[in-house]
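Written below as structure tokens is the structure these notes are about.
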Amino acid sequence: MTHSEVLVEAETITRFYGKTPAVADVSFMIRRGEVLGFLGPNGAGKTTTMHMLSGNIAPLSGRVLIAGHNMRTEPKAAKAALGYLPEHPPLYRELTVDEYLDYCAALHRIPRRQRRAARERAKARCGLSEVGGRVTANLSKGYQQRVGLAQAIIHEPPVIILDEPTVGLDPIQIREVRSLIRELGQNHAVILSTHILSEVQASCDRVQIINKGRLVLNESIHDLMRRVQSQALIAAFRRGPDMALISGLPGVRAVTIVEENRVRLLHEPDADPTDALVKLSMEQGWGLCEINPEHSSLENIFVELTGEGEPTL
Amino acid sequence: MIRTIAWREFRSLFLSPLAFVILGITQIILARLFLGHVNLFLMIQARLVTLPNPPGLTTLVAAPLLGNAGVLLLFITPLATMRLVADERHNKTLTLLYSAPLSMTEIVLGKYLGILMFFFLIVALSLAMPLSLLIGGHIDWGMFLCGVLGLLLLSATLAAIGLLISTLTKYPAVAAMGTLGILFLLWIIDYAGHGRGDGGKIVAYLSIVNHYEPFLRGLFNTSNVAYYVVLSVTCLLFSIRRLDAERLGA
């Protein structure tokens, strides 16, 4: 199987709301077999970008190609290749889940004979098999979200765009949806928009951070994790350590006190001072009782790049 | 594809009580008016026979009833069409249609066809009463069918106007009020001028009711048909343009 086919291409897409640029000069591409995390604080232009990719609004300039089809000149071919779960699942409240999914299947031109099979497959994948006869208005938020997801994948599109798919789900459902996204990522190109950092860490291959309408980061999750993970250590001691000695260790850039007898070491990416620190502690008799590389540091990058306060986790 | 959208539109109407309420109340009101017309006919029947060329049941009962149905449709239209696009925009379901491989033309025509099926159902049900006259009398079929054709054309035009207004807003209530205002204005637009002078004639020509009355008198005139067709098609084209413009960010 080739993992090289480019399925989504956005070239310098721009969109204004009034005079404010909601999205400015954003370019990126996604290949088959990739899950792209689209990360940004609220109001950064995530949803606007998703809307442009799905053909709901047209970019002021630039162009969007879905599976090689230009969204402006061949909208039908482009839209046939994508499934979109918007921020609010687009449910007809008066229809049952089965009726709704059948309608979606028909809109996506699935031949009449295959609709039932397509519907059952989508339901099974999204855990909806038992609620087929229920009216969507009466479903809980989590189930409504899953119906929205089923709608986006019922026609097995090569490109799947998900705008905040785990909002309103309980932790078990979130885990199910994440594993579904990973599974979809095997054969499709998936774009996942979210403001939840752990979600990107859990399910994406590549991450893009958007802030104030501009892309500020585009990196594979692997590189990103390595870059941010190995730069800080947390160490705790029984007796107060000598800060000056720790700062003197090779590769240590800065040392800060987190709380009493607990310090945070920032170090160079390639020089892990763990061994040296353990040795030093032994010699000085500080009683080292805990040492940890700092893990949840995607947050730090996020805060650093967006320059905003605390991100929502 | 148009049929898929139309069918869902039609079915969804009946999933809320609104469609049944509209159909029921229309029937009650028309029944009352029908009785009134029949009563009048019975009262003057004796005198009518003395006339050389007396007006029959069609002129005195069926035609006025079709006229009443037209007025009633004017008031039903805003309620029936307000949800078409405005509600989908409000509930964010329009996204589903926009992201599906559909052209704006298919979306608009699908919705139009859906509401048209409902309007034709209303018309079909209102015909039951005049047709019951066949039990004890006879109907001038040419005149009657001409009136029915007029009513169908009228309802198709009202629906197109309602659809257009519904594409303009996000709030069904605003769409309903806008549609009611425009339809009512089109109905009474020649009230003041009544065909005096050239300006008056133009205003009178615009009136939606002036093109309906000839049909009720059994007068089939292509210019009247053209009026309804042109008005409907224009509204549909504007609706398509409006949805396109929304996507482009106007």
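Letters A, B, ... mark the chains of the structure tokens in the order given; residue numbers begin at 1 per chain; ligand numbers begin at 1, in order shown.
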Given only C-alpha atoms, how would the per-residue table for chain B near chain A read, listing every residue at most 9 Å away with its closest atom pair and distance in Å to one decimal, sorted by chain and number, as a Markdown table?
| residue | atom | partner | partner_atom | distance |
| --- | --- | --- | --- | --- |
| B:Met1 | CA | A:Leu107 | CA | 6.7 |
| B:Thr4 | CA | A:Ala106 | CA | 7.0 |
| B:Ile5 | CA | A:Leu107 | CA | 8.0 |
| B:Arg8 | CA | A:Tyr103 | CA | 7.8 |
| B:Ser12 | CA | A:Glu94 | CA | 7.0 |
| B:Leu15 | CA | A:Glu94 | CA | 6.5 |
| B:Ser16 | CA | A:Glu94 | CA | 7.7 |
| B:Glu88 | CA | A:Tyr92 | CA | 8.5 |
| B:Asn91 | CA | A:Pro90 | CA | 7.2 |
| B:Lys92 | CA | A:Pro90 | CA | 5.7 |
| B:Thr93 | CA | A:Pro90 | CA | 4.2 |
| B:Leu94 | CA | A:Pro90 | CA | 7.4 |
| B:Thr95 | CA | A:Asn56 | CA | 6.5 |
| B:Leu96 | CA | A:Pro90 | CA | 6.0 |
| B:Leu97 | CA | A:Leu107 | CA | 7.8 |
| B:Tyr98 | CA | A:Asn56 | CA | 5.5 |
| B:Ser99 | CA | A:Ser54 | CA | 5.7 |
| B:Ala100 | CA | A:Lys79 | CA | 5.8 |
| B:Pro101 | CA | A:Lys76 | CA | 4.4 |
| B:Leu102 | CA | A:Lys76 | CA | 6.2 |
| B:Ser103 | CA | A:Lys76 | CA | 7.2 |
| B:Glu246 | CA | A:Ile57 | CA | 7.5 |
| B:Arg247 | CA | A:Ile57 | CA | 4.3 |
| B:Leu248 | CA | A:Ala58 | CA | 5.0 |
| B:Gly249 | CA | A:Ile57 | CA | 6.9 |
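By chain and then residue number, the residues within 9 Å of Ala176 (chain B) are Thr77, Pro78, Leu79, Ala80, Thr81, Met82, Arg83, Gly162, Ile165, Ser166, Tyr171, Pro172, Leu180 and Gly181 of chain B, counting only C-alpha atoms and disregarding those fewer than 4 positions away in sequence.
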Okay, now the selection with N, CA, C and O atoms, as a short mmCIF file (atom, residue, chain, number, x, y, z; two decimals), in the first residue's frame?
data_model
loop_
_atom_site.label_atom_id
_atom_site.label_comp_id
_atom_site.auth_asym_id
_atom_site.auth_seq_id
_atom_site.Cartn_x
_atom_site.Cartn_y
_atom_site.Cartn_z
N THR B 77 -48.89 29.73 3.65
CA THR B 77 -47.53 29.70 3.07
C THR B 77 -46.43 30.08 4.06
O THR B 77 -45.46 29.33 4.19
N PRO B 78 -46.57 31.23 4.76
CA PRO B 78 -45.45 31.58 5.66
C PRO B 78 -45.15 30.48 6.67
O PRO B 78 -44.00 30.19 6.95
N LEU B 79 -46.19 29.84 7.19
CA LEU B 79 -45.99 28.81 8.21
C LEU B 79 -45.34 27.57 7.61
O LEU B 79 -44.53 26.90 8.25
N ALA B 80 -45.74 27.26 6.38
CA ALA B 80 -45.23 26.03 5.76
C ALA B 80 -43.81 26.20 5.24
O ALA B 80 -43.03 25.26 5.26
N THR B 81 -43.48 27.40 4.79
CA THR B 81 -42.17 27.58 4.14
C THR B 81 -41.11 28.16 5.06
O THR B 81 -39.94 28.14 4.73
N MET B 82 -41.51 28.65 6.24
CA MET B 82 -40.53 29.37 7.07
C MET B 82 -39.35 28.49 7.45
O MET B 82 -38.23 28.96 7.56
N ARG B 83 -39.59 27.19 7.63
CA ARG B 83 -38.53 26.33 8.14
C ARG B 83 -37.57 25.88 7.04
O ARG B 83 -36.47 25.46 7.34
N GLY B 162 -41.99 32.03 -0.57
CA GLY B 162 -41.69 31.63 0.81
C GLY B 162 -40.30 31.02 0.93
O GLY B 162 -39.56 31.31 1.87
N ILE B 165 -37.61 33.77 0.81
CA ILE B 165 -37.48 34.52 2.06
C ILE B 165 -36.80 33.66 3.12
O ILE B 165 -36.01 34.14 3.92
N SER B 166 -37.08 32.36 3.09
CA SER B 166 -36.48 31.48 4.09
C SER B 166 -34.98 31.34 3.91
O SER B 166 -34.25 31.07 4.87
N TYR B 171 -33.72 32.75 11.24
CA TYR B 171 -34.83 32.56 12.18
C TYR B 171 -36.13 32.29 11.43
O TYR B 171 -36.60 33.15 10.68
N PRO B 172 -36.71 31.11 11.66
CA PRO B 172 -37.96 30.79 10.98
C PRO B 172 -39.04 31.85 11.19
O PRO B 172 -39.78 32.17 10.26
N LEU B 180 -45.13 36.58 4.97
CA LEU B 180 -46.51 37.06 5.11
C LEU B 180 -46.62 38.50 4.59
O LEU B 180 -47.54 38.83 3.83
N GLY B 181 -45.65 39.32 4.98
CA GLY B 181 -45.68 40.72 4.56
C GLY B 181 -45.63 40.86 3.05
O GLY B 181 -46.45 41.57 2.46
#
At a cut-off of 12 Å, using only C-alpha atoms, what residues contact region 225-232 of chain B? Leave out same-chain residues fewer than 5 positions from it and give the result as JSON, numbers by chain.
{"B": [109, 112, 116, 146, 149, 150, 151, 152, 153, 154, 155, 156, 157, 158, 159, 160, 161, 162, 163, 164, 186, 205, 206, 207, 208, 209, 210, 211, 212, 214, 215, 219, 220, 237, 238, 239]}
From the DSSP assignment of the backbone, select every residue of region 116-280 of chain A that is strand (DSSP E or B), and format the answer as a ChimeraX atom specification.
/A:135,159-163,189-194,206-211,214-220,232-237,252-259,262-267
If you keep C-alpha atoms, can you produce a file of those selected residues as a compact mmCIF listing (two decimals), in the first residue's frame?
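See out22.txt below for the written result:
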# COMPACT_ATOMS: atom_id res chain seq x y z
CA VAL A 135 -35.17 9.69 17.42
CA VAL A 159 -10.77 12.27 3.49
CA ILE A 160 -12.41 12.63 6.90
CA ILE A 161 -12.63 15.99 8.63
CA LEU A 162 -13.57 15.96 12.29
CA ASP A 163 -14.17 19.20 14.15
CA ALA A 189 -6.58 10.96 5.56
CA VAL A 190 -8.03 12.30 8.78
CA ILE A 191 -8.03 15.88 9.98
CA LEU A 192 -8.81 16.30 13.63
CA SER A 193 -9.49 19.76 14.94
CA THR A 194 -9.31 20.16 18.68
CA ARG A 206 1.29 15.15 12.72
CA VAL A 207 0.30 18.30 14.49
CA GLN A 208 -0.38 21.81 13.27
CA ILE A 209 -0.91 24.67 15.62
CA ILE A 210 -2.92 27.62 14.43
CA ASN A 211 -3.14 30.90 16.26
CA ARG A 214 -1.88 31.71 11.09
CA LEU A 215 -0.07 28.40 11.20
CA VAL A 216 2.64 28.62 13.82
CA LEU A 217 3.78 25.00 13.85
CA ASN A 218 3.68 22.02 11.51
CA GLU A 219 5.61 19.02 12.71
CA SER A 220 5.30 15.28 13.04
CA ALA A 232 13.20 18.91 31.31
CA LEU A 233 13.68 16.70 34.35
CA ILE A 234 11.89 16.86 37.65
CA ALA A 235 13.96 15.72 40.62
CA ALA A 236 13.06 15.53 44.31
CA PHE A 237 15.44 15.12 47.28
CA VAL A 252 21.94 21.94 32.23
CA ARG A 253 20.56 25.23 31.05
CA ALA A 254 18.54 26.33 34.05
CA VAL A 255 17.30 25.06 37.38
CA THR A 256 14.14 26.22 39.07
CA ILE A 257 12.62 25.25 42.39
CA VAL A 258 9.18 23.75 41.93
CA GLU A 259 8.48 23.36 45.64
CA ARG A 262 11.91 19.58 44.33
CA VAL A 263 13.62 21.11 41.33
CA ARG A 264 13.05 21.34 37.61
CA LEU A 265 16.07 21.06 35.32
CA LEU A 266 15.99 22.44 31.80
CA HIS A 267 18.69 20.84 29.70
State, in Å with one decimal place, the distance from CA of Asp98 (chain A) to CA of Met71 (chain A).
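Here the two named atoms are 29.8 Å from each other.
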List the spatial neighbours of Pro241 (chain A) as a PyMOL selection string - criterion: any atom at most 10 Å away, only C-alpha atoms, same-chain residues fewer than 3 positions off excluded.
chain A and resi 236-238+244-246+261-263+280-281+284-288
With only C-alpha atoms as the atoms that count, which of A:Val97, A:Ala118, A:Ile181, A:Ala124 lies nearest to Ala137 (chain A)?
A:Val97
Need to verify the contact set: Val23 (chain A), 6 Å, only C-alpha atoms, exclusion of same-chain residues closer than 3 positions in sequence. Can you return it as a ChimeraX atom specification?
/A:14-15,45,213
Selection: 12 Å around Gly168 (chain A), only C-alpha atoms, excl. self and same-chain fewer than 5 positions, as a list in words
Glu87, His88, Pro89, Ser140, Lys141, Gly142, Tyr143, Gln144, Gln145, Arg146, Gln173, Ile174 and Val177 of chain A
Using DSSP on the backbone, list every residue of region 19-190 of chain B that comes out as alpha helix (DSSP H), and give them as a PDB file with C-alpha atoms, in the first residue's frame.
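New file part-v3.pdb:
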ATOM      1  CA  ALA B  19     -48.678  19.670   8.722  1.00  0.00           C
ATOM      2  CA  PHE B  20     -51.702  17.957  10.274  1.00  0.00           C
ATOM      3  CA  VAL B  21     -52.799  21.153  11.979  1.00  0.00           C
ATOM      4  CA  ILE B  22     -52.538  23.072   8.710  1.00  0.00           C
ATOM      5  CA  LEU B  23     -54.466  20.442   6.768  1.00  0.00           C
ATOM      6  CA  GLY B  24     -57.135  20.108   9.464  1.00  0.00           C
ATOM      7  CA  ILE B  25     -57.752  23.790   9.966  1.00  0.00           C
ATOM      8  CA  THR B  26     -57.827  24.425   6.219  1.00  0.00           C
ATOM      9  CA  GLN B  27     -60.526  21.808   5.872  1.00  0.00           C
ATOM     10  CA  ILE B  28     -62.617  23.230   8.719  1.00  0.00           C
ATOM     11  CA  ILE B  29     -62.485  26.773   7.360  1.00  0.00           C
ATOM     12  CA  LEU B  30     -63.162  25.695   3.792  1.00  0.00           C
ATOM     13  CA  ALA B  31     -66.056  23.522   4.952  1.00  0.00           C
ATOM     14  CA  ARG B  32     -67.671  26.499   6.682  1.00  0.00           C
ATOM     15  CA  LEU B  33     -67.250  28.648   3.574  1.00  0.00           C
ATOM     16  CA  PHE B  34     -68.486  25.847   1.341  1.00  0.00           C
ATOM     17  CA  LEU B  35     -71.659  25.556   3.375  1.00  0.00           C
ATOM     18  CA  GLY B  36     -72.120  29.300   3.061  1.00  0.00           C
ATOM     19  CA  HIS B  37     -71.803  29.184  -0.711  1.00  0.00           C
ATOM     20  CA  VAL B  38     -74.159  26.204  -1.007  1.00  0.00           C
ATOM     21  CA  ASN B  39     -76.673  27.917   1.250  1.00  0.00           C
ATOM     22  CA  LEU B  40     -76.640  31.059  -0.870  1.00  0.00           C
ATOM     23  CA  PHE B  41     -77.074  28.973  -3.994  1.00  0.00           C
ATOM     24  CA  LEU B  42     -80.095  27.196  -2.527  1.00  0.00           C
ATOM     25  CA  MET B  43     -81.632  30.500  -1.474  1.00  0.00           C
ATOM     26  CA  ILE B  44     -81.437  32.082  -4.909  1.00  0.00           C
ATOM     27  CA  GLN B  45     -81.918  28.900  -6.911  1.00  0.00           C
ATOM     28  CA  ALA B  46     -85.615  29.568  -7.472  1.00  0.00           C
ATOM     29  CA  ARG B  47     -84.955  32.990  -8.910  1.00  0.00           C
ATOM     30  CA  LEU B  48     -82.057  31.738 -11.024  1.00  0.00           C
ATOM     31  CA  LEU B  57     -73.032  25.496  -9.334  1.00  0.00           C
ATOM     32  CA  ALA B  63     -65.261  29.137  -8.097  1.00  0.00           C
ATOM     33  CA  PRO B  64     -65.756  31.176  -4.906  1.00  0.00           C
ATOM     34  CA  LEU B  65     -64.475  28.262  -2.865  1.00  0.00           C
ATOM     35  CA  LEU B  66     -61.315  28.025  -4.969  1.00  0.00           C
ATOM     36  CA  GLY B  67     -60.956  31.774  -4.435  1.00  0.00           C
ATOM     37  CA  ASN B  68     -61.221  31.254  -0.669  1.00  0.00           C
ATOM     38  CA  ALA B  69     -58.653  28.456  -0.850  1.00  0.00           C
ATOM     39  CA  GLY B  70     -56.294  30.905  -2.561  1.00  0.00           C
ATOM     40  CA  VAL B  71     -56.630  33.424   0.273  1.00  0.00           C
ATOM     41  CA  LEU B  72     -56.160  30.671   2.815  1.00  0.00           C
ATOM     42  CA  LEU B  73     -52.988  29.520   1.079  1.00  0.00           C
ATOM     43  CA  LEU B  74     -51.654  33.030   1.391  1.00  0.00           C
ATOM     44  CA  PHE B  75     -51.797  32.676   5.158  1.00  0.00           C
ATOM     45  CA  ILE B  76     -50.590  29.075   5.236  1.00  0.00           C
ATOM     46  CA  THR B  77     -47.535  29.702   3.072  1.00  0.00           C
ATOM     47  CA  PRO B  78     -45.453  31.577   5.656  1.00  0.00           C
ATOM     48  CA  LEU B  79     -45.985  28.805   8.207  1.00  0.00           C
ATOM     49  CA  ALA B  80     -45.233  26.031   5.764  1.00  0.00           C
ATOM     50  CA  THR B  81     -42.168  27.578   4.143  1.00  0.00           C
ATOM     51  CA  ALA B  86     -33.917  29.104   7.918  1.00  0.00           C
ATOM     52  CA  ASP B  87     -34.446  26.185  10.279  1.00  0.00           C
ATOM     53  CA  GLU B  88     -31.641  24.166   8.728  1.00  0.00           C
ATOM     54  CA  ARG B  89     -29.363  27.138   9.099  1.00  0.00           C
ATOM     55  CA  HIS B  90     -30.456  27.602  12.690  1.00  0.00           C
ATOM     56  CA  LEU B  94     -27.296  23.033   6.328  1.00  0.00           C
ATOM     57  CA  THR B  95     -23.658  21.973   6.731  1.00  0.00           C
ATOM     58  CA  LEU B  96     -24.702  18.427   5.907  1.00  0.00           C
ATOM     59  CA  LEU B  97     -26.133  19.518   2.570  1.00  0.00           C
ATOM     60  CA  TYR B  98     -23.236  21.841   1.815  1.00  0.00           C
ATOM     61  CA  SER B  99     -20.631  19.131   2.461  1.00  0.00           C
ATOM     62  CA  MET B 104     -27.051  24.510  -4.780  1.00  0.00           C
ATOM     63  CA  THR B 105     -29.592  24.032  -7.561  1.00  0.00           C
ATOM     64  CA  GLU B 106     -30.300  20.502  -6.369  1.00  0.00           C
ATOM     65  CA  ILE B 107     -30.721  21.681  -2.780  1.00  0.00           C
ATOM     66  CA  VAL B 108     -33.106  24.493  -3.736  1.00  0.00           C
ATOM     67  CA  LEU B 109     -35.136  22.411  -6.182  1.00  0.00           C
ATOM     68  CA  GLY B 110     -35.324  19.536  -3.707  1.00  0.00           C
ATOM     69  CA  LYS B 111     -36.704  21.785  -1.014  1.00  0.00           C
ATOM     70  CA  TYR B 112     -39.073  23.444  -3.453  1.00  0.00           C
ATOM     71  CA  LEU B 113     -40.408  20.142  -4.690  1.00  0.00           C
ATOM     72  CA  GLY B 114     -40.889  18.948  -1.117  1.00  0.00           C
ATOM     73  CA  ILE B 115     -43.010  21.923  -0.109  1.00  0.00           C
ATOM     74  CA  LEU B 116     -44.820  21.823  -3.462  1.00  0.00           C
ATOM     75  CA  MET B 117     -45.958  18.262  -2.750  1.00  0.00           C
ATOM     76  CA  PHE B 118     -47.450  19.513   0.503  1.00  0.00           C
ATOM     77  CA  PHE B 119     -49.191  22.443  -1.187  1.00  0.00           C
ATOM     78  CA  PHE B 120     -50.609  20.176  -3.874  1.00  0.00           C
ATOM     79  CA  LEU B 121     -51.891  17.922  -1.138  1.00  0.00           C
ATOM     80  CA  ILE B 122     -53.694  20.901   0.417  1.00  0.00           C
ATOM     81  CA  VAL B 123     -55.169  21.759  -2.983  1.00  0.00           C
ATOM     82  CA  ALA B 124     -56.197  18.158  -3.610  1.00  0.00           C
ATOM     83  CA  LEU B 125     -57.978  17.980  -0.253  1.00  0.00           C
ATOM     84  CA  SER B 126     -59.785  21.271  -0.808  1.00  0.00           C
ATOM     85  CA  ALA B 128     -63.011  17.169  -2.293  1.00  0.00           C
ATOM     86  CA  MET B 129     -65.842  19.499  -1.307  1.00  0.00           C
ATOM     87  CA  PRO B 130     -66.606  21.060  -4.682  1.00  0.00           C
ATOM     88  CA  LEU B 131     -66.367  17.591  -6.210  1.00  0.00           C
ATOM     89  CA  SER B 132     -69.027  16.367  -3.773  1.00  0.00           C
ATOM     90  CA  TRP B 141     -65.553  20.847 -16.005  1.00  0.00           C
ATOM     91  CA  GLY B 142     -63.750  23.312 -18.243  1.00  0.00           C
ATOM     92  CA  MET B 143     -64.287  26.157 -15.849  1.00  0.00           C
ATOM     93  CA  PHE B 144     -63.626  24.077 -12.772  1.00  0.00           C
ATOM     94  CA  LEU B 145     -60.336  22.608 -14.036  1.00  0.00           C
ATOM     95  CA  CYS B 146     -59.234  26.039 -15.182  1.00  0.00           C
ATOM     96  CA  GLY B 147     -59.766  27.279 -11.618  1.00  0.00           C
ATOM     97  CA  VAL B 148     -57.849  24.300 -10.225  1.00  0.00           C
ATOM     98  CA  LEU B 149     -54.966  25.024 -12.575  1.00  0.00           C
ATOM     99  CA  GLY B 150     -54.983  28.622 -11.350  1.00  0.00           C
ATOM    100  CA  LEU B 151     -54.890  27.470  -7.735  1.00  0.00           C
ATOM    101  CA  LEU B 152     -51.972  25.119  -8.451  1.00  0.00           C
ATOM    102  CA  LEU B 153     -50.031  27.884 -10.183  1.00  0.00           C
ATOM    103  CA  LEU B 154     -50.818  30.277  -7.347  1.00  0.00           C
ATOM    104  CA  SER B 155     -49.636  27.815  -4.714  1.00  0.00           C
ATOM    105  CA  ALA B 156     -46.448  27.081  -6.655  1.00  0.00           C
ATOM    106  CA  THR B 157     -45.681  30.794  -6.752  1.00  0.00           C
ATOM    107  CA  LEU B 158     -46.460  31.345  -3.080  1.00  0.00           C
ATOM    108  CA  ALA B 159     -44.147  28.454  -2.186  1.00  0.00           C
ATOM    109  CA  ALA B 160     -41.314  29.868  -4.304  1.00  0.00           C
ATOM    110  CA  ILE B 161     -41.615  33.264  -2.627  1.00  0.00           C
ATOM    111  CA  GLY B 162     -41.690  31.626   0.810  1.00  0.00           C
ATOM    112  CA  LEU B 163     -38.607  29.570  -0.041  1.00  0.00           C
ATOM    113  CA  LEU B 164     -36.699  32.664  -1.148  1.00  0.00           C
ATOM    114  CA  ILE B 165     -37.484  34.523   2.064  1.00  0.00           C
ATOM    115  CA  SER B 166     -36.484  31.481   4.088  1.00  0.00           C
ATOM    116  CA  THR B 167     -33.035  31.464   2.477  1.00  0.00           C
ATOM    117  CA  LEU B 168     -32.444  35.013   3.681  1.00  0.00           C
ATOM    118  CA  PRO B 172     -37.965  30.794  10.982  1.00  0.00           C
ATOM    119  CA  ALA B 173     -40.163  33.408  12.661  1.00  0.00           C
ATOM    120  CA  VAL B 174     -38.458  36.201  10.728  1.00  0.00           C
ATOM    121  CA  ALA B 175     -38.915  34.226   7.517  1.00  0.00           C
ATOM    122  CA  ALA B 176     -42.599  33.709   8.325  1.00  0.00           C
ATOM    123  CA  MET B 177     -43.229  37.382   9.004  1.00  0.00           C
ATOM    124  CA  GLY B 178     -41.262  38.443   5.925  1.00  0.00           C
ATOM    125  CA  THR B 179     -43.148  36.035   3.707  1.00  0.00           C
ATOM    126  CA  LEU B 180     -46.509  37.062   5.109  1.00  0.00           C
ATOM    127  CA  GLY B 181     -45.679  40.725   4.564  1.00  0.00           C
ATOM    128  CA  ILE B 182     -44.549  40.279   0.983  1.00  0.00           C
ATOM    129  CA  LEU B 183     -47.407  37.994  -0.008  1.00  0.00           C
ATOM    130  CA  PHE B 184     -49.986  40.249   1.582  1.00  0.00           C
ATOM    131  CA  LEU B 185     -48.474  43.270  -0.130  1.00  0.00           C
ATOM    132  CA  LEU B 186     -48.510  41.481  -3.490  1.00  0.00           C
ATOM    133  CA  TRP B 187     -52.144  40.603  -2.858  1.00  0.00           C
ATOM    134  CA  ILE B 188     -53.346  44.123  -2.062  1.00  0.00           C
TER     135      ILE B 188
END
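Of the listed residues A:Pro293, A:Pro165, A:Gly68, A:Pro171, the one whose atoms come nearest to Val8 (chain A) is A:Gly68, with distances taken using only C-alpha atoms.
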Of the candidates A:Pro158, A:Pro21, A:Gly133, A:Gly185, which shows the shortest atom-to-atom distance to Val6 (chain A), using only C-alpha atoms?
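With only C-alpha atoms as the atom set, the closest residue is A:Pro158.
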